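Colleague: Would you mind keeping the following structure in view while I ask a few things?
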Amino acid sequence: MLEISPWKVAQVVLMSRELNRAEGELRGFIERLNEDEQASLVAVMWIGRDSFMADELAEAIETAKAEATAPTADYLLGSPHLSDHLENGMDALGINLADEEDELVRRG
């Protein structure tokens with residue numbers, strides 16, 4: 001089971017698209033997530049880049065927890081195409097982020 005809300009994933013997606021302007025804010029946002037949320041975020045990214053399949057979500061989350069050797073923010077910010085991988089991962093899990101992203105953009 002995914003241990004992070006789609007809204008929080010959408011936040012990371014939007015901020016990662018504006019990494020030049022929002023890196024500090026994105027780093028802080030990720031660092032404030034609890035361990036389960038951070039592991040889920042990494043797992044979704046892995047699913048989105050085809051390192052795991054959607055039906056392996058639980059295994060991906062456990063692997064993310066077990067293999068966490070660097071701060072999660074550093075790991076994710078060093079991943080090329082982070083926003084694409086997160087969106088693809090959520091889509092693979094049957095969760096579309098469009099509504100959350102639209103709401104976040106409207107709120108400014």
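Note on naming: chains are A, B, ... as they come in the structure tokens, residues start from 1 per chain, ligands start from 1 in the order shown.
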What's around Leu76 (chain A) at 9 Å? Count only C-alpha atoms, leave out sequence neighbours fewer than 4 positions away in its own chain, and write the answer as a PyMOL selection string.
Modeller: chain A and resi 41-42+45+71-72+80+82
Colleague: If we count only C-alpha atoms and set the cut-off at 8 Å, which residues sit around region 59-69 of chain A, ignoring sequence neighbours fewer than 2 positions away in its own chain? Please answer as a list of chain:residue names.
Modeller: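 That gives A:Glu35, A:Asp36, A:Ala39, A:Ser40, A:Val42, A:Ala43, A:Trp46, A:Ile47, A:Phe52, A:Glu56, A:Leu57, A:Pro71, A:Thr72.
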Colleague: So how far away is CA of Gly48 (chain A) from CA of His81 (chain A), in Å?
Modeller: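 Between CA of His81 (chain A) and CA of Gly48 (chain A) the gap works out to 10.0 Å.
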Colleague: Contacts of Gly94 (chain A) at 12 Å or less, counting only C-alpha atoms, minus same-chain residues fewer than 5 places along, as a list in words?
Modeller: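 Listed by chain and then number, they are Leu2, Pro6, Val44, Ile47, Gly48, Ala54, Asp55, Glu87, Asn88 and Gly89 of chain A.
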Colleague: Deliver the residues from the most recent selection as a file, using N, CA and C atoms, as a compact mmCIF listing (two decimals), in the first residue's frame.
Modeller:
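See selection.txt below for the written result:
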```txt
# COMPACT_ATOMS: atom_id res chain seq x y z
N LEU A 2 0.50 2.19 -0.84
CA LEU A 2 1.23 3.44 -0.94
C LEU A 2 1.10 4.22 0.36
N PRO A 6 -1.31 11.15 -2.87
CA PRO A 6 -1.09 11.67 -4.23
C PRO A 6 -0.81 13.17 -4.23
N VAL A 44 7.77 4.74 -5.83
CA VAL A 44 7.00 5.21 -6.98
C VAL A 44 7.94 5.62 -8.11
N ILE A 47 9.20 2.49 -9.77
CA ILE A 47 8.15 1.90 -10.61
C ILE A 47 8.05 2.69 -11.91
N GLY A 48 8.14 3.99 -11.81
CA GLY A 48 8.05 4.84 -13.00
C GLY A 48 9.20 4.69 -13.96
N ALA A 54 4.33 -2.36 -10.93
CA ALA A 54 3.34 -1.81 -10.00
C ALA A 54 2.91 -2.83 -8.95
N ASP A 55 2.81 -4.11 -9.35
CA ASP A 55 2.38 -5.12 -8.38
C ASP A 55 3.48 -5.49 -7.39
N GLU A 87 5.36 10.61 -12.14
CA GLU A 87 4.06 10.55 -12.82
C GLU A 87 3.81 9.18 -13.43
N ASN A 88 4.83 8.62 -14.08
CA ASN A 88 4.69 7.29 -14.69
C ASN A 88 4.43 6.23 -13.62
N GLY A 89 5.10 6.34 -12.48
CA GLY A 89 4.90 5.39 -11.40
C GLY A 89 3.50 5.46 -10.84
```
Colleague: Determine, counting only C-alpha atoms, which protein, DNA and RNA residues have an atom within 12 Å of an atom of Trp7 (chain A); residues of the same chain fewer than 4 positions away are not included. Present the result as an mmCIF file with N, CA, C and O atoms, in the first residue's frame.
Modeller:
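Contents of out-v1.cif, freshly written:
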```cif
data_model
loop_
_atom_site.group_PDB
_atom_site.id
_atom_site.type_symbol
_atom_site.label_atom_id
_atom_site.label_comp_id
_atom_site.auth_asym_id
_atom_site.auth_seq_id
_atom_site.Cartn_x
_atom_site.Cartn_y
_atom_site.Cartn_z
ATOM 1 N N GLU A 3 2.227 4.673 0.890
ATOM 2 C CA GLU A 3 2.248 5.332 2.192
ATOM 3 C C GLU A 3 2.518 6.832 2.081
ATOM 4 O O GLU A 3 3.064 7.441 2.993
ATOM 5 N N GLN A 11 3.061 17.495 -5.358
ATOM 6 C CA GLN A 11 3.917 18.608 -4.905
ATOM 7 C C GLN A 11 5.355 18.389 -5.376
ATOM 8 O O GLN A 11 5.983 19.301 -5.899
ATOM 9 N N VAL A 12 5.864 17.178 -5.166
ATOM 10 C CA VAL A 12 7.241 16.865 -5.565
ATOM 11 C C VAL A 12 7.384 16.969 -7.086
ATOM 12 O O VAL A 12 8.371 17.511 -7.584
ATOM 13 N N VAL A 13 6.397 16.474 -7.822
ATOM 14 C CA VAL A 13 6.443 16.547 -9.280
ATOM 15 C C VAL A 13 6.542 18.000 -9.732
ATOM 16 O O VAL A 13 7.418 18.358 -10.539
ATOM 17 N N LEU A 14 5.665 18.843 -9.226
ATOM 18 C CA LEU A 14 5.672 20.245 -9.651
ATOM 19 C C LEU A 14 6.957 20.962 -9.271
ATOM 20 O O LEU A 14 7.524 21.707 -10.077
ATOM 21 N N GLU A 37 6.757 7.752 4.063
ATOM 22 C CA GLU A 37 6.449 8.575 2.893
ATOM 23 C C GLU A 37 7.654 8.682 1.960
ATOM 24 O O GLU A 37 7.510 8.588 0.737
ATOM 25 N N LEU A 41 7.848 7.358 -1.871
ATOM 26 C CA LEU A 41 8.214 8.256 -2.965
ATOM 27 C C LEU A 41 9.311 7.631 -3.825
ATOM 28 O O LEU A 41 9.237 7.636 -5.061
ATOM 29 N N GLU A 87 5.356 10.609 -12.141
ATOM 30 C CA GLU A 87 4.058 10.554 -12.823
ATOM 31 C C GLU A 87 3.814 9.178 -13.434
ATOM 32 O O GLU A 87 2.718 8.631 -13.318
ATOM 33 N N MET A 90 3.011 6.668 -10.639
ATOM 34 C CA MET A 90 1.646 6.818 -10.131
ATOM 35 C C MET A 90 0.635 6.305 -11.151
ATOM 36 O O MET A 90 -0.336 5.634 -10.791
ATOM 37 N N ILE A 95 -3.093 5.737 -10.372
ATOM 38 C CA ILE A 95 -3.379 7.026 -9.743
ATOM 39 C C ILE A 95 -2.921 8.138 -10.681
ATOM 40 O O ILE A 95 -1.738 8.261 -10.977
ATOM 41 N N ASN A 96 -3.865 8.937 -11.140
ATOM 42 C CA ASN A 96 -3.556 10.047 -12.020
ATOM 43 C C ASN A 96 -3.383 11.301 -11.170
ATOM 44 O O ASN A 96 -4.247 11.627 -10.364
ATOM 45 N N LEU A 97 -2.284 11.999 -11.365
ATOM 46 C CA LEU A 97 -1.985 13.188 -10.562
ATOM 47 C C LEU A 97 -2.525 14.483 -11.151
ATOM 48 O O LEU A 97 -2.358 15.542 -10.543
ATOM 49 N N ALA A 98 -3.188 14.430 -12.284
ATOM 50 C CA ALA A 98 -3.607 15.649 -12.977
ATOM 51 C C ALA A 98 -4.457 16.556 -12.094
ATOM 52 O O ALA A 98 -4.232 17.771 -12.055
ATOM 53 N N ASP A 99 -5.431 16.011 -11.390
ATOM 54 C CA ASP A 99 -6.296 16.851 -10.551
ATOM 55 C C ASP A 99 -5.519 17.517 -9.427
ATOM 56 O O ASP A 99 -5.703 18.709 -9.150
ATOM 57 N N GLU A 100 -4.618 16.746 -8.770
ATOM 58 C CA GLU A 100 -3.817 17.316 -7.685
ATOM 59 C C GLU A 100 -2.887 18.405 -8.223
ATOM 60 O O GLU A 100 -2.742 19.463 -7.617
ATOM 61 N N GLU A 101 -2.262 18.139 -9.377
ATOM 62 C CA GLU A 101 -1.363 19.129 -9.956
ATOM 63 C C GLU A 101 -2.128 20.390 -10.331
ATOM 64 O O GLU A 101 -1.668 21.515 -10.063
ATOM 65 N N ASP A 102 -3.284 20.239 -10.964
ATOM 66 C CA ASP A 102 -4.095 21.404 -11.341
ATOM 67 C C ASP A 102 -4.477 22.225 -10.109
ATOM 68 O O ASP A 102 -4.415 23.455 -10.125
ATOM 69 N N GLU A 103 -4.889 21.545 -9.043
ATOM 70 C CA GLU A 103 -5.276 22.252 -7.813
ATOM 71 C C GLU A 103 -4.091 23.002 -7.216
ATOM 72 O O GLU A 103 -4.229 24.154 -6.781
ATOM 73 N N LEU A 104 -2.928 22.384 -7.212
ATOM 74 C CA LEU A 104 -1.741 23.051 -6.670
ATOM 75 C C LEU A 104 -1.365 24.270 -7.498
ATOM 76 O O LEU A 104 -0.982 25.305 -6.949
ATOM 77 N N VAL A 105 -1.475 24.167 -8.814
ATOM 78 C CA VAL A 105 -1.159 25.294 -9.678
ATOM 79 C C VAL A 105 -2.147 26.432 -9.460
ATOM 80 O O VAL A 105 -1.777 27.595 -9.383
#
```
Colleague: Calculate how many Å separate CA of Gly24 (chain A) from CA of Arg49 (chain A), rounding to one decimal.
Modeller: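 Straight-line distance from CA of Gly24 (chain A) to CA of Arg49 (chain A) works out to 24.4 Å.
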Colleague: Can you list, as JSON, numbers by chain, every residue of region 10-94 of chain A that DSSP puts in helix (DSSP H, G or I)?
Modeller: {"A": [10, 11, 12, 13, 14, 15, 16, 17, 19, 20, 21, 22, 23, 24, 25, 26, 27, 28, 29, 30, 31, 32, 35, 36, 37, 38, 39, 40, 41, 42, 43, 44, 45, 46, 47, 48, 54, 55, 56, 57, 58, 59, 60, 61, 62, 63, 64, 65, 66, 72, 73, 74, 75, 76, 77, 82, 83, 84, 85, 86, 87, 88, 89, 90, 91, 92]}
Colleague: Take the residues from that selection and put them in a file with C-alpha atoms, as a PDB file, in the first residue's frame.
Modeller:
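Everything below was put into result-v6.pdb:
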```pdb
ATOM      1  CA  ALA A  10       2.097  15.983  -7.006  1.00  0.00           C
ATOM      2  CA  GLN A  11       3.917  18.608  -4.905  1.00  0.00           C
ATOM      3  CA  VAL A  12       7.241  16.865  -5.565  1.00  0.00           C
ATOM      4  CA  VAL A  13       6.443  16.547  -9.280  1.00  0.00           C
ATOM      5  CA  LEU A  14       5.672  20.245  -9.651  1.00  0.00           C
ATOM      6  CA  MET A  15       8.671  21.410  -7.637  1.00  0.00           C
ATOM      7  CA  SER A  16      11.028  19.065  -9.478  1.00  0.00           C
ATOM      8  CA  ARG A  17       9.919  20.611 -12.776  1.00  0.00           C
ATOM      9  CA  LEU A  19      14.289  22.618  -9.858  1.00  0.00           C
ATOM     10  CA  ASN A  20      16.357  25.677 -10.776  1.00  0.00           C
ATOM     11  CA  ARG A  21      14.030  27.868  -8.712  1.00  0.00           C
ATOM     12  CA  ALA A  22      12.645  25.414  -6.169  1.00  0.00           C
ATOM     13  CA  GLU A  23      15.487  23.088  -5.189  1.00  0.00           C
ATOM     14  CA  GLY A  24      15.699  24.342  -1.613  1.00  0.00           C
ATOM     15  CA  GLU A  25      11.946  24.175  -1.167  1.00  0.00           C
ATOM     16  CA  LEU A  26      11.796  20.694  -2.697  1.00  0.00           C
ATOM     17  CA  ARG A  27      14.671  19.457  -0.542  1.00  0.00           C
ATOM     18  CA  GLY A  28      12.959  20.772   2.593  1.00  0.00           C
ATOM     19  CA  PHE A  29       9.622  19.243   1.576  1.00  0.00           C
ATOM     20  CA  ILE A  30      11.186  15.799   1.067  1.00  0.00           C
ATOM     21  CA  GLU A  31      13.156  16.033   4.303  1.00  0.00           C
ATOM     22  CA  ARG A  32       9.946  16.788   6.234  1.00  0.00           C
ATOM     23  CA  GLU A  35      10.359   7.568   6.623  1.00  0.00           C
ATOM     24  CA  ASP A  36       7.360   5.685   5.197  1.00  0.00           C
ATOM     25  CA  GLU A  37       6.449   8.575   2.893  1.00  0.00           C
ATOM     26  CA  GLN A  38      10.049   8.951   1.700  1.00  0.00           C
ATOM     27  CA  ALA A  39      10.322   5.214   0.987  1.00  0.00           C
ATOM     28  CA  SER A  40       7.016   5.297  -0.909  1.00  0.00           C
ATOM     29  CA  LEU A  41       8.214   8.256  -2.965  1.00  0.00           C
ATOM     30  CA  VAL A  42      11.389   6.384  -3.915  1.00  0.00           C
ATOM     31  CA  ALA A  43       9.347   3.259  -4.702  1.00  0.00           C
ATOM     32  CA  VAL A  44       7.003   5.215  -6.984  1.00  0.00           C
ATOM     33  CA  MET A  45      10.011   6.688  -8.799  1.00  0.00           C
ATOM     34  CA  TRP A  46      11.467   3.191  -9.247  1.00  0.00           C
ATOM     35  CA  ILE A  47       8.154   1.898 -10.613  1.00  0.00           C
ATOM     36  CA  GLY A  48       8.051   4.841 -12.997  1.00  0.00           C
ATOM     37  CA  ALA A  54       3.338  -1.811 -10.003  1.00  0.00           C
ATOM     38  CA  ASP A  55       2.383  -5.122  -8.379  1.00  0.00           C
ATOM     39  CA  GLU A  56       5.758  -5.069  -6.594  1.00  0.00           C
ATOM     40  CA  LEU A  57       4.989  -1.857  -4.691  1.00  0.00           C
ATOM     41  CA  ALA A  58       5.368  -3.427  -1.239  1.00  0.00           C
ATOM     42  CA  GLU A  59       8.715  -4.937  -2.212  1.00  0.00           C
ATOM     43  CA  ALA A  60       9.874  -1.620  -3.682  1.00  0.00           C
ATOM     44  CA  ILE A  61       8.967   0.218  -0.469  1.00  0.00           C
ATOM     45  CA  GLU A  62      10.793  -2.324   1.686  1.00  0.00           C
ATOM     46  CA  THR A  63      13.815  -2.163  -0.618  1.00  0.00           C
ATOM     47  CA  ALA A  64      13.821   1.634  -0.408  1.00  0.00           C
ATOM     48  CA  LYS A  65      13.835   1.439   3.383  1.00  0.00           C
ATOM     49  CA  ALA A  66      16.517  -1.252   3.505  1.00  0.00           C
ATOM     50  CA  THR A  72      16.301  10.690   0.304  1.00  0.00           C
ATOM     51  CA  ALA A  73      16.301  14.280  -0.966  1.00  0.00           C
ATOM     52  CA  ASP A  74      19.862  13.887  -2.285  1.00  0.00           C
ATOM     53  CA  TYR A  75      18.988  10.594  -3.960  1.00  0.00           C
ATOM     54  CA  LEU A  76      15.819  11.874  -5.624  1.00  0.00           C
ATOM     55  CA  LEU A  77      17.272  15.220  -6.695  1.00  0.00           C
ATOM     56  CA  LEU A  82      12.321  12.666 -11.523  1.00  0.00           C
ATOM     57  CA  SER A  83       8.966  14.287 -12.325  1.00  0.00           C
ATOM     58  CA  ASP A  84       8.391  11.975 -15.303  1.00  0.00           C
ATOM     59  CA  HIS A  85       9.279   8.882 -13.294  1.00  0.00           C
ATOM     60  CA  LEU A  86       6.951   9.893 -10.455  1.00  0.00           C
ATOM     61  CA  GLU A  87       4.058  10.554 -12.823  1.00  0.00           C
ATOM     62  CA  ASN A  88       4.689   7.289 -14.686  1.00  0.00           C
ATOM     63  CA  GLY A  89       4.898   5.390 -11.401  1.00  0.00           C
ATOM     64  CA  MET A  90       1.646   6.818 -10.131  1.00  0.00           C
ATOM     65  CA  ASP A  91      -0.028   6.071 -13.471  1.00  0.00           C
ATOM     66  CA  ALA A  92       1.226   2.478 -13.248  1.00  0.00           C
TER      67      ALA A  92
END
```
